[in-house]
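> Supplied in structure tokens, the structure appears directly below.
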Amino acid sequence: MRDWQGKRYWLVGASEGLGRALAHKLSEAGAEVIVSARSADRLEELVAELPGKASFATVDVSSRDSVEEAAAEVGEIDGVVYLAGVYWPMKAGEWDGEKAELMADINFTGAMRTMGAVVPGMMKRGKGHIVLTGSLSGFRGLPGAIGYGASKAGVMYLGESMHADLRGSGIEVQVGNPGFIKTRLTDKNDFKMPFLMTPEEAAQHMFDLMNSGSFKKSFPTLFGMMFRASQFLPDWAYYRLFGASN
């Protein structure tokens with residue numbers, strides 16, 4: 001179990017859903033929590049709900065200037081959790097360029113901007129804790145996931161590369177890969193979502209990962225095993241199961 005008392009954690013993308021629920025988990029454990037998103041009103045409400053020391057800093061992760069300003073306002077931290085994300089279901093044959101670009105920019109490039117703002121300081125101090133939020137959809141290409149799945153695959157690769165580079169540096173890197181979480185984002189889906197979790201259930205999985213020495217956790221466990229196993233299927237078998245039928 002990690003010692004959370006007095007540790008400062010910056011949660012980027014914490015105004016709703018998983019981020020909001022995880023902020024409660026960390027605050028209850030004794031960490032000082034700094035939450036960020038674009039909506040000051042929702043962040044202010046969240047800070048008022050949290051039982052421990054907490055504050056907020058607004059940020060637009062699509063802007064490097066905004067991310068760097070927020071990081072300077074937040075100051076020295078022990079850990080950062082990147083949770084910001086946008087989602088629209090989208091098939092390649094129904095391409096929406098604006099939404100596809102937003103998913104790539106917020107979900108993946110926003111993570112890159114945030115890492116660029118915090119990793120150099122952690123390197124100078126020789127310590128830190130980085131947690132990225134991937135997705136089960138990032139393991140292999142899925143129908144109807146243009147933009148979202150690709151962006152999450154990028155986040156997962158980013159975490160893997162950072163984990164390889166930072167081993168022995170004192171900076172710990174972890175990646176959590178959730179399945180479906182009941183939020184305003186998944187409310188856009190018009191299909192049955194197996195193993196649908198509440199934000200609180202997903203936050204418990206993330207908190208368990210953060211308390212462990214593991215690099216990666218895919219959850220729920222059974223659903224995660226299915227996606228991981230799909231990586232071993234040959235292309236002809238995988239796309240017969242998951243590709244469009246002609």
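Naming scheme: A, B, ... for chains in displayed order of the structure tokens; residues 1 onward per chain; ligands 1 onward as shown.
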May I have a table of the residues of region 117-199 of chain A lying at most 12 Å from region 235-244 of chain A, giving each one's closest pair of atoms and their distance in Å to one decimal, counting only C-alpha atoms, ordered by chain and ascending residue number, as JSON lines?

{"residue": "A:Arg140", "atom": "CA", "partner": "A:Tyr238", "partner_atom": "CA", "distance": 9.4}
{"residue": "A:Gly141", "atom": "CA", "partner": "A:Phe242", "partner_atom": "CA", "distance": 8.7}
{"residue": "A:Leu142", "atom": "CA", "partner": "A:Phe242", "partner_atom": "CA", "distance": 6.5}
{"residue": "A:Pro143", "atom": "CA", "partner": "A:Gly243", "partner_atom": "CA", "distance": 6.3}
{"residue": "A:Gly144", "atom": "CA", "partner": "A:Ala244", "partner_atom": "CA", "distance": 9.7}
{"residue": "A:Ala145", "atom": "CA", "partner": "A:Phe242", "partner_atom": "CA", "distance": 11.6}
> For Ser137 (chain A), please output as a PDB file with N, CA and C atoms, in the first residue's frame all residues within 12 Å (counting only C-alpha atoms; exclusion window: fewer than 5 positions along the same chain).

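Done, and the output landed in out.pdb:
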ATOM      1  N   TYR A  87     -15.091  11.749 -26.477  1.00  0.00           N
ATOM      2  CA  TYR A  87     -15.468  10.555 -27.240  1.00  0.00           C
ATOM      3  C   TYR A  87     -16.726  10.790 -28.042  1.00  0.00           C
ATOM      4  N   PRO A  89     -18.783   8.053 -30.873  1.00  0.00           N
ATOM      5  CA  PRO A  89     -18.709   6.839 -31.703  1.00  0.00           C
ATOM      6  C   PRO A  89     -18.603   7.249 -33.164  1.00  0.00           C
ATOM      7  N   LEU A 142     -10.941  -1.598 -33.569  1.00  0.00           N
ATOM      8  CA  LEU A 142     -12.336  -2.004 -33.418  1.00  0.00           C
ATOM      9  C   LEU A 142     -13.219  -1.200 -34.368  1.00  0.00           C
ATOM     10  N   PRO A 143     -14.324  -1.761 -34.806  1.00  0.00           N
ATOM     11  CA  PRO A 143     -15.244  -0.999 -35.646  1.00  0.00           C
ATOM     12  C   PRO A 143     -15.912   0.113 -34.835  1.00  0.00           C
ATOM     13  N   GLY A 144     -16.158   1.237 -35.481  1.00  0.00           N
ATOM     14  CA  GLY A 144     -16.860   2.341 -34.837  1.00  0.00           C
ATOM     15  C   GLY A 144     -16.031   3.099 -33.831  1.00  0.00           C
ATOM     16  N   ALA A 145     -14.714   2.909 -33.825  1.00  0.00           N
ATOM     17  CA  ALA A 145     -13.859   3.539 -32.812  1.00  0.00           C
ATOM     18  C   ALA A 145     -12.797   4.444 -33.427  1.00  0.00           C
ATOM     19  N   ILE A 146     -13.059   4.941 -34.636  1.00  0.00           N
ATOM     20  CA  ILE A 146     -12.126   5.871 -35.262  1.00  0.00           C
ATOM     21  C   ILE A 146     -11.916   7.067 -34.331  1.00  0.00           C
ATOM     22  N   GLY A 147     -10.693   7.446 -34.134  1.00  0.00           N
ATOM     23  CA  GLY A 147     -10.391   8.579 -33.255  1.00  0.00           C
ATOM     24  C   GLY A 147     -10.146   8.120 -31.835  1.00  0.00           C
ATOM     25  N   TYR A 148     -11.169   7.561 -31.193  1.00  0.00           N
ATOM     26  CA  TYR A 148     -11.039   7.212 -29.783  1.00  0.00           C
ATOM     27  C   TYR A 148     -10.050   6.062 -29.575  1.00  0.00           C
ATOM     28  N   GLY A 149     -10.277   4.934 -30.256  1.00  0.00           N
ATOM     29  CA  GLY A 149      -9.395   3.787 -30.085  1.00  0.00           C
ATOM     30  C   GLY A 149      -7.958   4.113 -30.454  1.00  0.00           C
ATOM     31  N   ALA A 150      -7.787   4.850 -31.557  1.00  0.00           N
ATOM     32  CA  ALA A 150      -6.435   5.212 -31.989  1.00  0.00           C
ATOM     33  C   ALA A 150      -5.756   6.109 -30.968  1.00  0.00           C
ATOM     34  N   SER A 151      -6.508   7.064 -30.402  1.00  0.00           N
ATOM     35  CA  SER A 151      -5.923   7.987 -29.423  1.00  0.00           C
ATOM     36  C   SER A 151      -5.517   7.240 -28.166  1.00  0.00           C
ATOM     37  N   LYS A 152      -6.329   6.275 -27.745  1.00  0.00           N
ATOM     38  CA  LYS A 152      -6.006   5.517 -26.537  1.00  0.00           C
ATOM     39  C   LYS A 152      -4.846   4.552 -26.778  1.00  0.00           C
ATOM     40  N   ALA A 153      -4.751   4.013 -27.990  1.00  0.00           N
ATOM     41  CA  ALA A 153      -3.585   3.190 -28.324  1.00  0.00           C
ATOM     42  C   ALA A 153      -2.315   4.022 -28.207  1.00  0.00           C
ATOM     43  N   GLY A 154      -2.393   5.289 -28.624  1.00  0.00           N
ATOM     44  CA  GLY A 154      -1.252   6.191 -28.498  1.00  0.00           C
ATOM     45  C   GLY A 154      -0.873   6.428 -27.049  1.00  0.00           C
ATOM     46  N   VAL A 155      -1.872   6.623 -26.192  1.00  0.00           N
ATOM     47  CA  VAL A 155      -1.608   6.834 -24.764  1.00  0.00           C
ATOM     48  C   VAL A 155      -0.945   5.597 -24.160  1.00  0.00           C
ATOM     49  N   MET A 156      -1.443   4.425 -24.543  1.00  0.00           N
ATOM     50  CA  MET A 156      -0.881   3.180 -24.006  1.00  0.00           C
ATOM     51  C   MET A 156       0.566   3.003 -24.454  1.00  0.00           C
ATOM     52  N   ASN A 177      -6.217   0.632 -17.998  1.00  0.00           N
ATOM     53  CA  ASN A 177      -7.003   0.459 -19.220  1.00  0.00           C
ATOM     54  C   ASN A 177      -8.425   0.018 -18.875  1.00  0.00           C
ATOM     55  N   PRO A 178      -9.338   0.965 -18.706  1.00  0.00           N
ATOM     56  CA  PRO A 178     -10.714   0.585 -18.360  1.00  0.00           C
ATOM     57  C   PRO A 178     -11.530   0.152 -19.572  1.00  0.00           C
ATOM     58  N   GLY A 179     -12.573  -0.602 -19.281  1.00  0.00           N
ATOM     59  CA  GLY A 179     -13.583  -0.910 -20.285  1.00  0.00           C
ATOM     60  C   GLY A 179     -14.656   0.167 -20.257  1.00  0.00           C
ATOM     61  N   PHE A 180     -15.906  -0.222 -20.416  1.00  0.00           N
ATOM     62  CA  PHE A 180     -17.003   0.742 -20.464  1.00  0.00           C
ATOM     63  C   PHE A 180     -17.317   1.281 -19.066  1.00  0.00           C
ATOM     64  N   SER A 218      -5.697  -3.833 -16.677  1.00  0.00           N
ATOM     65  CA  SER A 218      -6.818  -3.769 -17.620  1.00  0.00           C
ATOM     66  C   SER A 218      -8.046  -4.309 -16.898  1.00  0.00           C
ATOM     67  N   PHE A 219      -9.121  -3.563 -16.919  1.00  0.00           N
ATOM     68  CA  PHE A 219     -10.280  -3.933 -16.110  1.00  0.00           C
ATOM     69  C   PHE A 219     -11.593  -3.511 -16.789  1.00  0.00           C
ATOM     70  N   PHE A 223     -13.174  -8.996 -18.888  1.00  0.00           N
ATOM     71  CA  PHE A 223     -13.292  -8.247 -20.136  1.00  0.00           C
ATOM     72  C   PHE A 223     -11.893  -7.884 -20.638  1.00  0.00           C
ATOM     73  N   GLY A 224     -11.016  -7.492 -19.734  1.00  0.00           N
ATOM     74  CA  GLY A 224      -9.653  -7.153 -20.116  1.00  0.00           C
ATOM     75  C   GLY A 224      -8.902  -8.340 -20.691  1.00  0.00           C
ATOM     76  N   MET A 226     -10.186 -10.764 -22.370  1.00  0.00           N
ATOM     77  CA  MET A 226     -10.687 -10.991 -23.723  1.00  0.00           C
ATOM     78  C   MET A 226      -9.966 -10.089 -24.723  1.00  0.00           C
ATOM     79  N   PHE A 227      -9.787  -8.816 -24.370  1.00  0.00           N
ATOM     80  CA  PHE A 227      -9.124  -7.885 -25.283  1.00  0.00           C
ATOM     81  C   PHE A 227      -7.645  -8.211 -25.430  1.00  0.00           C
ATOM     82  N   ARG A 228      -7.015  -8.585 -24.345  1.00  0.00           N
ATOM     83  CA  ARG A 228      -5.601  -8.945 -24.427  1.00  0.00           C
ATOM     84  C   ARG A 228      -5.412 -10.216 -25.265  1.00  0.00           C
ATOM     85  N   SER A 230      -7.217 -11.104 -27.705  1.00  0.00           N
ATOM     86  CA  SER A 230      -7.480 -10.805 -29.118  1.00  0.00           C
ATOM     87  C   SER A 230      -6.209 -10.435 -29.875  1.00  0.00           C
ATOM     88  N   GLN A 231      -5.182  -9.986 -29.162  1.00  0.00           N
ATOM     89  CA  GLN A 231      -3.934  -9.615 -29.818  1.00  0.00           C
ATOM     90  C   GLN A 231      -3.226 -10.819 -30.440  1.00  0.00           C
TER      91      GLN A 231
END
> List the neighbours of Gly128 (chain A) out to 7 Å using only C-alpha atoms; skip same-chain residues closer than 6 positions along the sequence, and give me the result as a count of residues only.
6
> So which bits of region 74-122 of chain A end up strand (DSSP E or B) when you DSSP the backbone, as an MDAnalysis selection string?
chainID A and resid 79:82 90
> Produce a file of the selected residues containing C-alpha atoms, as an mmCIF file, in the first residue's frame.

data_model
loop_
_atom_site.group_PDB
_atom_site.id
_atom_site.type_symbol
_atom_site.label_atom_id
_atom_site.label_comp_id
_atom_site.auth_asym_id
_atom_site.auth_seq_id
_atom_site.Cartn_x
_atom_site.Cartn_y
_atom_site.Cartn_z
ATOM 1 C CA GLY A 79 2.183 12.480 -8.893
ATOM 2 C CA VAL A 80 0.024 13.237 -11.916
ATOM 3 C CA VAL A 81 -2.927 11.294 -13.294
ATOM 4 C CA TYR A 82 -4.024 12.039 -16.867
ATOM 5 C CA MET A 90 -17.493 7.030 -35.291
#
